[in-house]
file work-v5.txt (compact mmCIF, C-alpha atoms)
# COMPACT_ATOMS: atom_id res chain seq x y z
CA MET A 1 19.74 -20.89 -18.74
CA PRO A 2 22.09 -18.27 -20.29
CA ARG A 3 22.73 -15.17 -18.21
CA ALA A 4 20.90 -12.89 -20.68
CA SER A 5 17.86 -15.13 -20.50
CA ARG A 6 17.93 -15.12 -16.69
CA GLU A 7 18.16 -11.34 -16.66
CA GLN A 8 15.25 -11.05 -19.10
CA ALA A 9 13.21 -13.51 -17.07
CA HIS A 10 13.85 -11.41 -13.96
CA LYS A 11 12.82 -8.24 -15.80
CA ASN A 12 9.66 -9.93 -17.07
CA ARG A 13 8.72 -11.17 -13.61
CA THR A 14 9.29 -7.71 -12.13
CA ALA A 15 7.13 -6.18 -14.88
CA ILE A 16 4.33 -8.65 -14.06
CA GLU A 17 4.58 -7.92 -10.34
CA ASN A 18 4.50 -4.15 -10.86
CA ALA A 19 1.62 -4.24 -13.33
CA SER A 20 -0.33 -6.57 -11.07
CA ALA A 21 0.32 -4.49 -7.96
CA ARG A 22 -1.22 -1.52 -9.79
CA LEU A 23 -4.12 -3.28 -11.49
CA PHE A 24 -5.16 -5.30 -8.45
CA ARG A 25 -5.38 -2.05 -6.48
CA GLU A 26 -7.33 -0.35 -9.25
CA GLN A 27 -9.71 -3.16 -10.22
CA GLY A 28 -9.61 -5.70 -7.40
CA LEU A 29 -8.20 -9.20 -7.20
CA ASN A 30 -11.06 -10.66 -9.19
CA GLY A 31 -11.62 -7.66 -11.45
CA VAL A 32 -8.72 -8.33 -13.77
CA SER A 33 -7.75 -11.48 -15.68
CA VAL A 34 -4.35 -13.06 -16.12
CA ALA A 35 -4.44 -12.04 -19.79
CA GLN A 36 -5.04 -8.41 -18.82
CA LEU A 37 -2.25 -8.51 -16.24
CA MET A 38 0.20 -9.94 -18.76
CA ALA A 39 -0.83 -7.42 -21.41
CA ALA A 40 -0.28 -4.58 -18.93
CA ALA A 41 3.22 -5.96 -18.34
CA GLY A 42 3.83 -6.03 -22.11
CA LEU A 43 3.93 -9.82 -22.23
CA THR A 44 1.85 -12.62 -23.70
CA HIS A 45 -0.62 -14.69 -21.70
CA GLY A 46 1.29 -17.88 -22.44
CA GLY A 47 4.33 -16.78 -20.46
CA PHE A 48 2.48 -16.42 -17.17
CA TYR A 49 3.04 -19.94 -15.87
CA GLY A 50 6.76 -19.67 -16.44
CA HIS A 51 6.77 -17.21 -13.54
CA PHE A 52 3.82 -18.11 -11.29
CA SER A 53 1.96 -21.31 -10.53
CA SER A 54 -1.42 -19.56 -10.23
CA LYS A 55 -3.19 -16.23 -10.08
CA ASP A 56 -3.46 -16.76 -6.32
CA GLU A 57 0.32 -16.89 -6.04
CA LEU A 58 0.62 -13.72 -8.13
CA ALA A 59 -1.98 -11.96 -5.97
CA ALA A 60 0.14 -12.61 -2.87
CA VAL A 61 3.35 -11.52 -4.60
CA ALA A 62 1.70 -8.38 -6.01
CA CYS A 63 0.20 -7.57 -2.62
CA ALA A 64 3.64 -7.83 -1.00
CA ALA A 65 5.13 -5.70 -3.77
CA ALA A 66 2.47 -3.01 -3.24
CA PHE A 67 3.20 -2.89 0.49
CA GLY A 68 6.90 -2.73 -0.35
CA GLN A 69 6.27 0.32 -2.52
CA SER A 70 4.42 1.97 0.36
CA ALA A 71 7.29 1.20 2.71
CA GLU A 72 9.71 2.83 0.27
CA ARG A 73 7.58 5.99 0.20
CA TRP A 74 7.55 6.13 4.00
CA ALA A 75 11.32 5.57 4.10
CA ALA A 76 11.74 8.45 1.63
CA GLN A 77 9.96 10.71 4.12
CA GLY A 78 12.45 9.61 6.76
CA ASN A 79 15.29 10.61 4.45
CA LYS A 80 13.78 14.09 3.99
CA TYR A 81 13.37 14.78 7.70
CA PRO A 82 16.11 14.02 10.24
CA ASP A 83 13.66 14.22 13.14
CA ALA A 84 11.28 11.29 13.83
CA HIS A 85 8.49 13.63 14.85
CA GLN A 86 8.70 15.51 11.54
CA THR A 87 8.82 12.24 9.63
CA LEU A 88 5.69 10.96 11.36
CA GLN A 89 3.86 14.23 10.70
CA ALA A 90 4.85 14.14 7.03
CA ILE A 91 3.69 10.53 6.59
CA VAL A 92 0.30 11.24 8.16
CA SER A 93 -0.17 14.49 6.30
CA HIS A 94 0.71 13.04 2.88
CA TYR A 95 -1.37 9.91 3.47
CA LEU A 96 -4.49 11.92 4.28
CA ARG A 97 -4.46 14.17 1.22
CA ASP A 98 -6.56 14.33 -1.95
CA PRO A 99 -3.75 13.11 -4.27
CA HIS A 100 -3.29 9.90 -2.28
CA ARG A 101 -7.06 9.42 -2.14
CA ASP A 102 -7.25 9.69 -5.93
CA GLN A 103 -4.20 7.58 -6.83
CA ILE A 104 -5.77 4.19 -6.22
CA GLY A 105 -3.41 2.21 -8.46
CA THR A 106 -0.28 3.49 -6.74
CA GLY A 107 -1.71 4.28 -3.31
CA CYS A 108 -1.90 2.36 -0.07
CA PRO A 109 -2.66 -1.36 -0.59
CA ALA A 110 -4.09 -1.60 2.92
CA VAL A 111 -7.02 0.44 1.63
CA ALA A 112 -7.22 -0.76 -1.96
CA LEU A 113 -7.05 -4.49 -1.23
CA ALA A 114 -8.87 -4.79 2.10
CA GLY A 115 -12.31 -5.55 0.67
CA ASP A 116 -10.93 -8.18 -1.69
CA VAL A 117 -8.79 -9.88 0.95
CA ILE A 118 -11.78 -10.08 3.28
CA ARG A 119 -13.71 -11.99 0.60
CA GLU A 120 -10.91 -14.45 -0.18
CA THR A 121 -11.00 -17.82 1.57
CA PRO A 122 -8.57 -18.15 4.52
CA ASP A 123 -6.34 -20.61 2.65
CA LYS A 124 -5.42 -18.07 -0.05
CA PRO A 125 -1.79 -16.86 0.20
CA VAL A 126 -2.84 -13.22 -0.21
CA HIS A 127 -4.07 -13.27 3.41
CA HIS A 128 -0.53 -13.83 4.67
CA ALA A 129 0.91 -11.16 2.37
CA TYR A 130 -1.73 -8.63 3.42
CA THR A 131 -1.27 -9.34 7.13
CA ALA A 132 2.53 -9.06 6.77
CA GLY A 133 2.04 -5.71 5.04
CA ILE A 134 -0.17 -4.39 7.83
CA GLU A 135 2.36 -5.57 10.41
CA GLN A 136 5.10 -3.78 8.48
CA MET A 137 3.14 -0.52 8.44
CA ALA A 138 2.32 -0.79 12.15
CA SER A 139 5.94 -1.57 13.00
CA SER A 140 7.20 1.44 11.03
CA LEU A 141 4.76 3.74 12.83
CA ALA A 142 5.60 2.20 16.20
CA THR A 143 9.32 2.78 15.62
CA LEU A 144 8.69 6.43 14.83
CA LEU A 145 6.34 6.84 17.79
CA GLU A 146 8.88 5.27 20.13
CA LYS A 147 11.49 7.75 18.92
CA CYS A 148 8.93 10.51 19.53
CA GLY A 149 8.62 9.36 23.15
CA SER A 150 5.24 7.65 22.96
CA PRO A 151 4.65 5.59 26.15
CA LYS A 152 2.69 2.96 24.19
CA PRO A 153 4.14 3.01 20.66
CA ARG A 154 2.60 -0.25 19.43
CA ARG A 155 -0.90 0.58 20.64
CA THR A 156 -0.68 4.16 19.37
CA ALA A 157 0.67 2.91 16.04
CA LEU A 158 -2.31 0.60 15.60
CA THR A 159 -4.73 3.41 16.47
CA THR A 160 -2.97 5.76 14.07
CA LEU A 161 -2.92 3.19 11.28
CA ALA A 162 -6.58 2.30 11.76
CA THR A 163 -7.52 5.98 11.67
CA MET A 164 -5.49 6.63 8.53
CA VAL A 165 -6.74 3.58 6.65
CA GLY A 166 -10.35 4.01 7.76
CA ALA A 167 -10.37 7.68 6.82
CA LEU A 168 -8.93 6.95 3.38
CA VAL A 169 -11.48 4.19 2.74
CA LEU A 170 -14.35 6.54 3.54
CA ALA A 171 -12.80 9.43 1.62
CA ARG A 172 -12.38 7.29 -1.49
CA ALA A 173 -15.91 5.93 -1.25
CA THR A 174 -17.32 9.47 -1.04
CA ARG A 175 -14.81 11.30 -3.22
CA GLU A 176 -17.47 12.96 -5.39
CA ALA A 177 -18.98 14.65 -2.32
CA PRO A 178 -17.70 17.44 -0.05
CA ILE A 179 -17.66 15.07 2.93
CA SER A 180 -14.69 13.26 1.39
CA GLU A 181 -12.32 16.17 2.04
CA ASP A 182 -13.97 16.76 5.41
CA ILE A 183 -13.09 13.20 6.44
CA LEU A 184 -9.45 13.61 5.43
CA ALA A 185 -9.20 16.97 7.20
CA ALA A 186 -10.81 15.61 10.37
CA ALA A 187 -8.39 12.66 10.48
CA ARG A 188 -5.42 14.95 9.92
CA ASP A 189 -6.59 17.25 12.71
CA LEU A 190 -6.94 14.28 15.03
CA LEU A 191 -3.53 12.80 14.29
CA LEU A 192 -1.34 15.82 13.69
CA ASP A 193 -0.05 17.54 16.81
CA PRO A 194 -1.10 21.16 17.31
CA GLY A 195 1.58 23.61 16.37
CA VAL A 196 3.35 21.24 13.98
CA PRO A 197 3.45 22.50 10.38
CA ASP A 198 0.98 20.51 8.25
CA ASN A 199 3.15 20.05 5.16
call {"tool": "encode", "arguments": {"input": "work-v5.txt", "output": "structure tokens"}}
result
Amino acid sequence: MPRASREQAHKNRTAIENASARLFREQGLNGVSVAQLMAAAGLTHGGFYGHFSSKDELAAVACAAAFGQSAERWAAQGNKYPDAHQTLQAIVSHYLRDPHRDQIGTGCPAVALAGDVIRETPDKPVHHAYTAGIEQMASSLATLLEKCGSPKPRRTALTTLATMVGALVLARATREAPISEDILAAARDLLLDPGVPDN
């Protein structure tokens, strides 16, 4: 395959992955067809199988890509704050805010894809991708907590992650009601240390 063709094929695959990562979060794994995914990527339906063997394979790849995007956002917070404590506070604060609640297509895949992954049969590759993503999030939090001096960073990371994800699920499900913001605020109050700027 000529170099130009390889480069275009790579660009096309990346476009499919990015479009799928967004649409799967917005509409669910079974809420969008291959034709819709390809159209969102600016490609024709017929080209799909040149990149992926099945929609199940794409779901796993898109899930991993979505978690990768989240990891990049968390890493960006680390670049803004030299102190691990400040980084952790910023991640929690930004995660539990209205904009993140409302940006389903670009927000946390742990929240957006959980219900769909639960309903998929255990043999589907998306289970592995989702679990790896959760492990990645927990590991990132544990690393920050260890730097902050937490005596049980892994356990505290899991508690923090479960609180964040659970709060965002409930806030999204109730976002037309006042309780939605109350849930986010309560979770922030629980997780953010007193006296630390909530920014």
call {"tool": "closest_residue", "arguments": {"input": "work-v5.txt", "among": "A:Ser53, A:Ser70, A:Asn30, A:Gln8", "to": "Gly107 of chain A", "atoms": "all atoms listed in the file"}}
result
A:Ser70
call {"tool": "closest_residue", "arguments": {"input": "work-v5.txt", "among": "A:Glu17, A:Asp116, A:Asp56, A:Glu181", "to": "Leu37 of chain A", "atoms": "all atoms listed in the file"}}
result
A:Glu17
call {"tool": "closest_residue", "arguments": {"input": "work-v5.txt", "among": "A:Gln69, A:Ile104, A:Tyr49, A:His94", "to": "Arg175 of chain A", "atoms": "only C-alpha atoms"}}
result
A:Ile104
call {"tool": "closest_residue", "arguments": {"input": "work-v5.txt", "among": "A:Leu191, A:Ala21, A:Val165, A:Met38", "to": "Ala65 of chain A", "atoms": "only C-alpha atoms"}}
result
A:Ala21
call {"tool": "closest_residue", "arguments": {"input": "work-v5.txt", "among": "A:Glu57, A:Glu7, A:Glu72, A:Asp102", "to": "Glu176 of chain A", "atoms": "all atoms listed in the file"}}
result
A:Asp102
call {"tool": "decode", "arguments": {"input": "work-v5.txt", "residues": "segment 134-199 of chain A", "atoms": "C-alpha atoms", "output": "short mmCIF file (atom, residue, chain, number, x, y, z; two decimals), in the first residue's frame"}}
result
data_model
loop_
_atom_site.label_atom_id
_atom_site.label_comp_id
_atom_site.auth_asym_id
_atom_site.auth_seq_id
_atom_site.Cartn_x
_atom_site.Cartn_y
_atom_site.Cartn_z
CA ILE A 134 -11.75 1.97 35.11
CA GLU A 135 -8.44 0.54 36.26
CA GLN A 136 -6.64 3.40 34.53
CA MET A 137 -8.80 6.00 36.28
CA ALA A 138 -8.36 4.32 39.66
CA SER A 139 -4.60 4.06 39.16
CA SER A 140 -4.32 7.75 38.26
CA LEU A 141 -6.26 8.74 41.38
CA ALA A 142 -4.24 6.35 43.54
CA THR A 143 -0.97 7.85 42.28
CA LEU A 144 -2.16 11.34 43.16
CA LEU A 145 -3.46 10.22 46.55
CA GLU A 146 -0.17 8.50 47.34
CA LYS A 147 1.67 11.73 46.54
CA CYS A 148 -0.80 13.52 48.82
CA GLY A 149 0.17 11.18 51.66
CA SER A 150 -2.91 8.97 51.72
CA PRO A 151 -2.26 5.87 53.89
CA LYS A 152 -4.50 3.73 51.66
CA PRO A 153 -4.26 5.27 48.18
CA ARG A 154 -5.81 2.38 46.23
CA ARG A 155 -8.80 2.02 48.55
CA THR A 156 -9.32 5.78 48.75
CA ALA A 157 -9.00 6.05 44.97
CA LEU A 158 -11.75 3.47 44.47
CA THR A 159 -14.01 5.24 46.96
CA THR A 160 -13.33 8.59 45.29
CA LEU A 161 -13.94 7.19 41.81
CA ALA A 162 -17.16 5.46 42.85
CA THR A 163 -18.41 8.67 44.45
CA MET A 164 -17.56 10.75 41.39
CA VAL A 165 -19.06 8.34 38.88
CA GLY A 166 -22.15 7.62 40.97
CA ALA A 167 -22.81 11.30 41.57
CA LEU A 168 -22.49 12.10 37.87
CA VAL A 169 -24.84 9.26 36.90
CA LEU A 170 -27.51 10.56 39.28
CA ALA A 171 -26.93 14.18 38.30
CA ARG A 172 -27.34 13.36 34.61
CA ALA A 173 -30.46 11.31 35.22
CA THR A 174 -32.05 14.19 37.15
CA ARG A 175 -30.54 17.13 35.27
CA GLU A 176 -33.90 18.85 34.69
CA ALA A 177 -34.50 19.05 38.45
CA PRO A 178 -32.82 21.09 41.20
CA ILE A 179 -31.60 17.90 42.91
CA SER A 180 -29.13 17.38 40.07
CA GLU A 181 -26.96 20.31 41.14
CA ASP A 182 -27.48 19.37 44.79
CA ILE A 183 -26.00 15.93 44.09
CA LEU A 184 -22.93 17.40 42.40
CA ALA A 185 -22.44 19.93 45.20
CA ALA A 186 -22.81 17.27 47.90
CA ALA A 187 -20.23 15.03 46.22
CA ARG A 188 -17.82 17.93 45.83
CA ASP A 189 -18.23 18.85 49.49
CA LEU A 190 -17.54 15.26 50.49
CA LEU A 191 -14.43 14.86 48.36
CA LEU A 192 -12.84 18.28 48.42
CA ASP A 193 -10.78 19.05 51.51
CA PRO A 194 -11.95 21.99 53.63
CA GLY A 195 -9.95 25.11 53.04
CA VAL A 196 -8.83 24.11 49.54
CA PRO A 197 -10.00 26.52 46.83
CA ASP A 198 -12.83 24.92 44.82
CA ASN A 199 -11.73 25.99 41.34
#
